[in-house]
Protein chains: 2
Amino acid sequence: MLSKKTKYGLKALAYLASQENREPVQIAEIAKHENISQKFLESILLTLRRNGFLGSKKGKGGGYYLIKEPNEILMTAVMRVLEGPIAMVPCVSLNFYEKCDDCPDENECSVNKLMLKVRDANLEVYRNNTLKDLIS
Amino acid sequence: MLSKKTKYGLKALAYLASQENREPVQIAEIAKHENISQKFLESILLTLRRNGFLGSKKGKGGGYYLIKEPNEILMTAVMRVLEGPIAMVPCVSLNFYEKCDDCPDENECSVNKLMLKVRDANLEVYRNNTLKDLIS
DNA sequence: TTAAAAATCTATAAAAACTATAGGGTATTA
DNA sequence: TAATACCCTATAGTTTTTATAGATTTTTAA
């Protein structure tokens, strides 16, 4: 299941991408438009900013805005920041690899074998979709 | 992330599929061979039996065994029983469809759009893999 | 220049849901 | 009678989501 954090983050990014200009949009406006708890959204936008997707401006007329063009924002990057690893088990993760505690030999592991295919299928989707593809 | 329930369930199924015959195998043997908490495995095997993947025999010489051939057991079916919906959001689920609370219109939803593609990619994998593919 | 208002930023904690495991007893079969 | 699956319950731990409370920065205007 997709966490609400990811869901809300994607919706917020899409909302910002659909703006005509790149002027700051207030958290409250995004929250209201997308039916999101404002405080929760606040923390999500913060992590998106810290990870280089958004810029922010404080004070009156402030808010959040995209700092790249929507077609330059790959879903692989977004998903990894919001949801974490794309792989369903650490032992097939490209960016978050870890050996499993159980499982003496990955090459003999049935789960590993299946999840490799799943990972590749998901990567294929995320690599071929940008933020722009979500709004058109 | 794949739950341990699913991971263990897959390993247990693969272990049973790799047996030479379809004689009952004891829970304890599977648990030991796959490094799984025996009590936890017990409940997993039970759900696999209730969902028509396994048969069981009580008493001395009892245990669990496959009741279909490995190449007849689709990963779609296994994953739905162990992990739940294949879709990452209910609004794109084939077997567990639900409307989202937020989101007035699915057709306009950016998350829906992306997750449809993800669902299809995953289905493609699970539909084209059977238990037999995990053990060879 | 200063004060008020508007916004983001930060930290914490509480509530809820889910996951993984363990314990103990019952029923069944060889 | 011993081995084994079956069933129910409890619980510790973790993660997710939301809520609370304030601190900080910027703009505006008196």
# chains A, B, ... in the order shown; residues from 1 in each chain; ligands from 1

call {"tool": "residues_around", "arguments": {"residues": "DT8 (chain C)", "least_positions_apart": "3", "cutoff": "9 Å", "atoms": "only C-alpha atoms (C1' of nucleotides)", "output": "NGL selection string"}}
result
(:A and (27 or 42 or 56-59 or 62-63)) or (:D and (24-25))

call {"tool": "residues_around", "arguments": {"residues": "region 12-22 of chain C", "least_positions_apart": "4", "cutoff": "10 Å", "atoms": "only C-alpha atoms (C1' of nucleotides)", "output": "NGL selection string"}}
result
(:B and (3-5 or 37-40)) or (:D and (10-21))

call {"tool": "interface_residues", "arguments": {"of": "chain B", "to": "chain A", "cutoff": "6 Å", "atoms": "only C-alpha atoms", "output": "list in words"}}
result
Met1, Leu2, Asn35, Met88, Asp102, Ser110, Ala121 and Leu134 of chain B

call {"tool": "interface_residues", "arguments": {"of": "chain C", "to": "chain B", "cutoff": "7 Å", "atoms": "only C-alpha atoms (C1' of nucleotides)", "output": "list in words"}}
result
DT21, DT28, DT29 and DA30 of chain C

call {"tool": "write_last_selection", "arguments": {"atoms": "N, CA and C atoms (P, O5', C5', C4', C3', O3' and C1' of nucleotides)", "output": "mmCIF file, in the first residue's frame"}}
result
data_model
loop_
_atom_site.group_PDB
_atom_site.id
_atom_site.type_symbol
_atom_site.label_atom_id
_atom_site.label_comp_id
_atom_site.auth_asym_id
_atom_site.auth_seq_id
_atom_site.Cartn_x
_atom_site.Cartn_y
_atom_site.Cartn_z
ATOM 1 P P DT C 21 9.000 -12.683 13.304
ATOM 2 O "O5'" DT C 21 8.412 -13.195 14.687
ATOM 3 C "C5'" DT C 21 8.708 -12.419 15.862
ATOM 4 C "C4'" DT C 21 7.923 -12.917 17.037
ATOM 5 C "C3'" DT C 21 7.958 -14.428 17.266
ATOM 6 O "O3'" DT C 21 8.838 -14.658 18.341
ATOM 7 C "C1'" DT C 21 5.846 -13.466 17.784
ATOM 8 P P DT C 28 -11.741 -33.748 16.045
ATOM 9 O "O5'" DT C 28 -10.463 -34.460 15.421
ATOM 10 C "C5'" DT C 28 -9.673 -33.745 14.470
ATOM 11 C "C4'" DT C 28 -8.429 -34.549 14.180
ATOM 12 C "C3'" DT C 28 -8.680 -36.012 13.832
ATOM 13 O "O3'" DT C 28 -8.118 -36.218 12.565
ATOM 14 C "C1'" DT C 28 -6.904 -35.803 15.374
ATOM 15 P P DT C 29 -8.661 -37.409 11.601
ATOM 16 O "O5'" DT C 29 -7.366 -38.328 11.529
ATOM 17 C "C5'" DT C 29 -6.129 -37.741 11.134
ATOM 18 C "C4'" DT C 29 -4.994 -38.541 11.719
ATOM 19 C "C3'" DT C 29 -5.065 -40.041 11.468
ATOM 20 O "O3'" DT C 29 -4.054 -40.345 10.529
ATOM 21 C "C1'" DT C 29 -4.257 -39.517 13.650
ATOM 22 P P DA C 30 -3.979 -41.750 9.824
ATOM 23 O "O5'" DA C 30 -2.725 -42.386 10.574
ATOM 24 C "C5'" DA C 30 -1.457 -41.732 10.436
ATOM 25 C "C4'" DA C 30 -0.470 -42.375 11.394
ATOM 26 C "C3'" DA C 30 -0.349 -43.899 11.232
ATOM 27 O "O3'" DA C 30 1.027 -44.226 11.131
ATOM 28 C "C1'" DA C 30 -0.838 -43.332 13.499
#

call {"tool": "interface_residues", "arguments": {"of": "chain D", "to": "chain B", "cutoff": "10 Å", "atoms": "only C-alpha atoms (C1' of nucleotides)", "output": "PyMOL selection string"}}
result
chain D and resi 2-7

call {"tool": "write_last_selection", "arguments": {"atoms": "N, CA and C atoms (P, O5', C5', C4', C3', O3' and C1' of nucleotides)", "output": "JSON list (two decimals), in the first residue's frame"}}
result
[["chain", "number", "residue", "atom", "x", "y", "z"],
["D", 2, "DA", "P", 3.93, -41.16, 25.72],
["D", 2, "DA", "O5'", 4.80, -40.72, 24.46],
["D", 2, "DA", "C5'", 4.91, -41.62, 23.36],
["D", 2, "DA", "C4'", 4.65, -40.90, 22.05],
["D", 2, "DA", "C3'", 5.12, -39.46, 22.01],
["D", 2, "DA", "O3'", 5.82, -39.30, 20.79],
["D", 2, "DA", "C1'", 2.90, -39.58, 21.27],
["D", 3, "DA", "P", 6.79, -38.04, 20.56],
["D", 3, "DA", "O5'", 6.26, -37.52, 19.16],
["D", 3, "DA", "C5'", 6.00, -38.47, 18.13],
["D", 3, "DA", "C4'", 5.06, -37.87, 17.11],
["D", 3, "DA", "C3'", 5.41, -36.44, 16.70],
["D", 3, "DA", "O3'", 5.33, -36.38, 15.29],
["D", 3, "DA", "C1'", 3.16, -36.56, 17.41],
["D", 4, "DT", "P", 6.13, -35.25, 14.50],
["D", 4, "DT", "O5'", 4.96, -34.24, 14.16],
["D", 4, "DT", "C5'", 3.95, -34.63, 13.24],
["D", 4, "DT", "C4'", 2.68, -33.89, 13.49],
["D", 4, "DT", "C3'", 2.76, -32.36, 13.45],
["D", 4, "DT", "O3'", 2.62, -31.91, 12.13],
["D", 4, "DT", "C1'", 1.12, -33.24, 14.98],
["D", 5, "DA", "P", 2.61, -30.30, 11.77],
["D", 5, "DA", "O5'", 1.06, -29.96, 11.63],
["D", 5, "DA", "C5'", 0.27, -30.66, 10.68],
["D", 5, "DA", "C4'", -1.20, -30.53, 11.02],
["D", 5, "DA", "C3'", -1.79, -29.14, 10.78],
["D", 5, "DA", "O3'", -3.11, -29.30, 10.28],
["D", 5, "DA", "C1'", -2.04, -29.71, 13.05],
["D", 6, "DC", "P", -4.01, -28.00, 9.89],
["D", 6, "DC", "O5'", -4.65, -27.59, 11.27],
["D", 6, "DC", "C5'", -5.90, -28.18, 11.64],
["D", 6, "DC", "C4'", -6.40, -27.54, 12.92],
["D", 6, "DC", "C3'", -6.82, -26.08, 12.79],
["D", 6, "DC", "O3'", -8.22, -26.03, 13.07],
["D", 6, "DC", "C1'", -5.56, -26.46, 14.76],
["D", 7, "DC", "P", -9.05, -24.72, 12.61],
["D", 7, "DC", "O5'", -9.00, -23.84, 13.92],
["D", 7, "DC", "C5'", -9.54, -24.38, 15.13],
["D", 7, "DC", "C4'", -9.17, -23.50, 16.28],
["D", 7, "DC", "C3'", -9.33, -22.00, 16.03],
["D", 7, "DC", "O3'", -10.44, -21.55, 16.79],
["D", 7, "DC", "C1'", -7.36, -22.51, 17.28]]

call {"tool": "select_by_dssp", "arguments": {"residues": "chain A", "states": "helix (DSSP H, G or I)", "output": "ChimeraX atom specification"}}
result
/A:4-17,27-34,38-50,70-72,75-82,90-92,106-108,110-127,131-135

call {"tool": "atom_distance", "arguments": {"atom1": "C1' of DT1 (chain D)", "atom2": "C1' of DG23 (chain C)"}}
result
23.2 Å

call {"tool": "residues_around", "arguments": {"residues": "Asn51 (chain B)", "least_positions_apart": "4", "cutoff": "12 Å", "atoms": "only C-alpha atoms (C1' of nucleotides)", "output": "MDAnalysis selection string"}}
result
chainID B and resid 44:47 55 66:67 73 77:82

call {"tool": "select_by_dssp", "arguments": {"residues": "chain B", "states": "strand (DSSP E or B)", "output": "JSON, numbers by chain"}}
result
{"B": [25, 54, 55, 56, 57, 63, 64, 65, 66, 74, 130]}

call {"tool": "decode", "arguments": {"residues": "chain D", "atoms": "N, CA and C atoms (P, O5', C5', C4', C3', O3' and C1' of nucleotides)", "output": "CSV table (one decimal), in the first residue's frame"}}
result
chain,number,residue,atom,x,y,z
D,1,DT,P,-0.7,-44.4,28.4
D,1,DT,O5',0.4,-43.8,27.5
D,1,DT,C5',1.0,-44.6,26.5
D,1,DT,C4',1.5,-43.6,25.3
D,1,DT,C3',1.5,-42.1,25.7
D,1,DT,O3',2.5,-41.5,25.0
D,1,DT,C1',0.2,-42.4,23.8
D,2,DA,P,3.9,-41.2,25.7
D,2,DA,O5',4.8,-40.7,24.5
D,2,DA,C5',4.9,-41.6,23.4
D,2,DA,C4',4.6,-40.9,22.0
D,2,DA,C3',5.1,-39.5,22.0
D,2,DA,O3',5.8,-39.3,20.8
D,2,DA,C1',2.9,-39.6,21.3
D,3,DA,P,6.8,-38.0,20.6
D,3,DA,O5',6.3,-37.5,19.2
D,3,DA,C5',6.0,-38.5,18.1
D,3,DA,C4',5.1,-37.9,17.1
D,3,DA,C3',5.4,-36.4,16.7
D,3,DA,O3',5.3,-36.4,15.3
D,3,DA,C1',3.2,-36.6,17.4
D,4,DT,P,6.1,-35.2,14.5
D,4,DT,O5',5.0,-34.2,14.2
D,4,DT,C5',4.0,-34.6,13.2
D,4,DT,C4',2.7,-33.9,13.5
D,4,DT,C3',2.8,-32.4,13.5
D,4,DT,O3',2.6,-31.9,12.1
D,4,DT,C1',1.1,-33.2,15.0
D,5,DA,P,2.6,-30.3,11.8
D,5,DA,O5',1.1,-30.0,11.6
D,5,DA,C5',0.3,-30.7,10.7
D,5,DA,C4',-1.2,-30.5,11.0
D,5,DA,C3',-1.8,-29.1,10.8
D,5,DA,O3',-3.1,-29.3,10.3
D,5,DA,C1',-2.0,-29.7,13.0
D,6,DC,P,-4.0,-28.0,9.9
D,6,DC,O5',-4.7,-27.6,11.3
D,6,DC,C5',-5.9,-28.2,11.6
D,6,DC,C4',-6.4,-27.5,12.9
D,6,DC,C3',-6.8,-26.1,12.8
D,6,DC,O3',-8.2,-26.0,13.1
D,6,DC,C1',-5.6,-26.5,14.8
D,7,DC,P,-9.0,-24.7,12.6
D,7,DC,O5',-9.0,-23.8,13.9
D,7,DC,C5',-9.5,-24.4,15.1
D,7,DC,C4',-9.2,-23.5,16.3
D,7,DC,C3',-9.3,-22.0,16.0
D,7,DC,O3',-10.4,-21.6,16.8
D,7,DC,C1',-7.4,-22.5,17.3
D,8,DC,P,-11.0,-20.1,16.6
D,8,DC,O5',-10.5,-19.4,17.9
D,8,DC,C5',-10.6,-20.0,19.2
D,8,DC,C4',-9.8,-19.3,20.2
D,8,DC,C3',-9.9,-17.8,20.1
D,8,DC,O3',-10.3,-17.3,21.3
D,8,DC,C1',-7.6,-18.5,20.3
D,9,DT,P,-10.7,-15.7,21.5
D,9,DT,O5',-9.5,-15.2,22.3
D,9,DT,C5',-9.0,-16.0,23.4
D,9,DT,C4',-7.6,-15.4,23.8
D,9,DT,C3',-7.5,-13.9,23.8
D,9,DT,O3',-7.2,-13.5,25.1
D,9,DT,C1',-5.6,-14.9,22.8
D,10,DA,P,-7.3,-11.9,25.5
D,10,DA,O5',-5.8,-11.6,25.8
D,10,DA,C5',-4.9,-12.6,26.4
D,10,DA,C4',-3.5,-12.3,26.2
D,10,DA,C3',-3.1,-10.8,26.3
D,10,DA,O3',-2.0,-10.7,27.1
D,10,DA,C1',-2.3,-11.7,24.3
D,11,DT,P,-1.7,-9.3,27.8
D,11,DT,O5',-0.3,-8.9,27.1
D,11,DT,C5',0.6,-9.9,26.8
D,11,DT,C4',1.6,-9.3,25.8
D,11,DT,C3',1.7,-7.8,25.8
D,11,DT,O3',3.1,-7.5,25.7
D,11,DT,C1',1.4,-8.5,23.7
D,12,DA,P,3.7,-6.4,26.7
D,12,DA,O5',5.2,-6.3,26.2
D,12,DA,C5',5.9,-7.4,25.7
D,12,DA,C4',6.4,-7.1,24.3
D,12,DA,C3',7.0,-5.7,24.2
D,12,DA,O3',8.3,-5.8,23.7
D,12,DA,C1',5.5,-6.1,22.5
D,13,DG,P,9.3,-4.6,23.6
D,13,DG,O5',9.2,-4.1,22.1
D,13,DG,C5',9.5,-5.1,21.1
D,13,DG,C4',9.0,-4.6,19.8
D,13,DG,C3',9.5,-3.2,19.5
D,13,DG,O3',10.3,-3.3,18.3
D,13,DG,C1',7.2,-3.5,18.9
D,14,DT,P,11.2,-2.1,17.9
D,14,DT,O5',10.4,-1.6,16.6
D,14,DT,C5',10.0,-2.5,15.6
D,14,DT,C4',8.9,-1.9,14.8
D,14,DT,C3',9.3,-0.5,14.3
D,14,DT,O3',9.5,-0.6,12.9
D,14,DT,C1',7.0,-0.7,15.0
D,15,DT,P,10.0,0.7,12.1
D,15,DT,O5',8.7,1.2,11.4
D,15,DT,C5',7.8,0.3,10.9
D,15,DT,C4',6.5,1.0,10.5
D,15,DT,C3',6.7,2.4,9.9
D,15,DT,O3',5.9,2.3,8.7
D,15,DT,C1',5.2,2.5,11.7
D,16,DT,P,6.0,3.6,7.7
D,16,DT,O5',4.5,4.2,8.0
D,16,DT,C5',3.4,3.4,8.1
D,16,DT,C4',2.2,4.2,8.5
D,16,DT,C3',2.1,5.6,7.8
D,16,DT,O3',0.8,5.6,7.3
D,16,DT,C1',1.9,5.8,10.2
D,17,DT,P,0.3,6.8,6.3
D,17,DT,O5',-0.4,7.8,7.3
D,17,DT,C5',-1.5,7.4,8.0
D,17,DT,C4',-1.8,8.4,9.1
D,17,DT,C3',-1.9,9.9,8.6
D,17,DT,O3',-3.3,10.2,8.6
D,17,DT,C1',-0.8,9.7,10.7
D,18,DT,P,-3.8,11.7,8.2
D,18,DT,O5',-3.8,12.4,9.6
D,18,DT,C5',-4.5,11.8,10.7
D,18,DT,C4',-4.2,12.5,12.0
D,18,DT,C3',-4.4,14.0,11.9
D,18,DT,O3',-5.4,14.4,12.8
D,18,DT,C1',-2.4,13.5,13.1
D,19,DA,P,-5.9,15.9,13.0
D,19,DA,O5',-5.1,16.3,14.3
D,19,DA,C5',-5.2,15.4,15.4
D,19,DA,C4',-4.3,16.0,16.5
D,19,DA,C3',-4.5,17.5,16.7
D,19,DA,O3',-4.8,17.7,18.1
D,19,DA,C1',-2.2,17.0,16.6
D,20,DT,P,-5.2,19.2,18.6
D,20,DT,O5',-3.8,19.7,19.3
D,20,DT,C5',-3.1,18.8,20.1
D,20,DT,C4',-1.8,19.5,20.7
D,20,DT,C3',-2.0,21.0,20.9
D,20,DT,O3',-1.5,21.3,22.2
D,20,DT,C1',0.0,20.5,19.7
D,21,DA,P,-1.7,22.8,22.8
D,21,DA,O5',-0.3,23.4,22.5
D,21,DA,C5',0.8,22.7,23.0
D,21,DA,C4',2.1,23.5,22.6
D,21,DA,C3',1.8,25.0,22.6
D,21,DA,O3',2.8,25.6,23.4
D,21,DA,C1',2.8,24.3,20.6
D,22,DG,P,2.7,27.1,23.8
D,22,DG,O5',3.8,27.8,22.9
D,22,DG,C5',5.1,27.3,23.1
D,22,DG,C4',5.8,27.3,21.8
D,22,DG,C3',6.5,28.6,21.4
D,22,DG,O3',7.8,28.6,21.8
D,22,DG,C1',5.7,27.3,19.6
D,23,DA,P,8.6,29.9,21.9
D,23,DA,O5',9.6,29.8,20.6
D,23,DA,C5',10.3,28.6,20.4
D,23,DA,C4',11.0,28.7,19.0
D,23,DA,C3',11.7,30.0,18.8
D,23,DA,O3',12.9,29.7,18.2
D,23,DA,C1',10.1,29.5,17.1
D,24,DT,P,13.9,30.9,17.9
D,24,DT,O5',13.7,31.2,16.4
D,24,DT,C5',13.9,30.2,15.4
D,24,DT,C4',13.5,30.6,14.0
D,24,DT,C3',14.1,32.0,13.6
D,24,DT,O3',14.9,31.8,12.5
D,24,DT,C1',11.8,31.9,13.1
D,25,DT,P,15.8,32.9,11.9
D,25,DT,O5',15.0,33.5,10.7
D,25,DT,C5',14.6,32.6,9.6
D,25,DT,C4',13.6,33.2,8.8
D,25,DT,C3',14.0,34.6,8.2
D,25,DT,O3',14.0,34.4,6.8
D,25,DT,C1',11.8,34.7,9.0
D,26,DT,P,14.6,35.6,5.8
D,26,DT,O5',13.3,36.4,5.4
D,26,DT,C5',12.3,35.7,4.6
D,26,DT,C4',11.1,36.6,4.5
D,26,DT,C3',11.3,38.0,4.0
D,26,DT,O3',10.7,38.0,2.7
D,26,DT,C1',9.9,38.0,5.9
D,27,DT,P,10.8,39.3,1.8
D,27,DT,O5',9.4,40.1,2.1
D,27,DT,C5',8.2,39.4,1.9
D,27,DT,C4',7.1,40.2,2.6
D,27,DT,C3',6.9,41.6,2.1
D,27,DT,O3',5.6,41.7,1.5
D,27,DT,C1',6.8,41.5,4.4
D,28,DT,P,5.2,43.0,0.6
D,28,DT,O5',4.4,43.9,1.7
D,28,DT,C5',3.4,43.2,2.4
D,28,DT,C4',2.9,44.1,3.5
D,28,DT,C3',2.7,45.5,3.1
D,28,DT,O3',1.3,45.9,3.4
D,28,DT,C1',3.9,45.4,5.2
D,29,DA,P,0.7,47.2,2.8
D,29,DA,O5',0.5,48.1,4.2
D,29,DA,C5',0.2,47.4,5.4
D,29,DA,C4',0.5,48.3,6.5
D,29,DA,C3',0.3,49.8,6.2
D,29,DA,O3',-0.3,50.5,7.4
D,29,DA,C1',2.4,49.5,7.1
D,30,DA,P,-1.2,51.7,7.2
D,30,DA,O5',-1.1,52.4,8.7
D,30,DA,C5',-1.2,51.5,9.8
D,30,DA,C4',-0.3,52.0,10.9
D,30,DA,C3',-0.3,53.5,11.2
D,30,DA,O3',-0.3,53.7,12.6
D,30,DA,C1',1.9,52.8,10.7
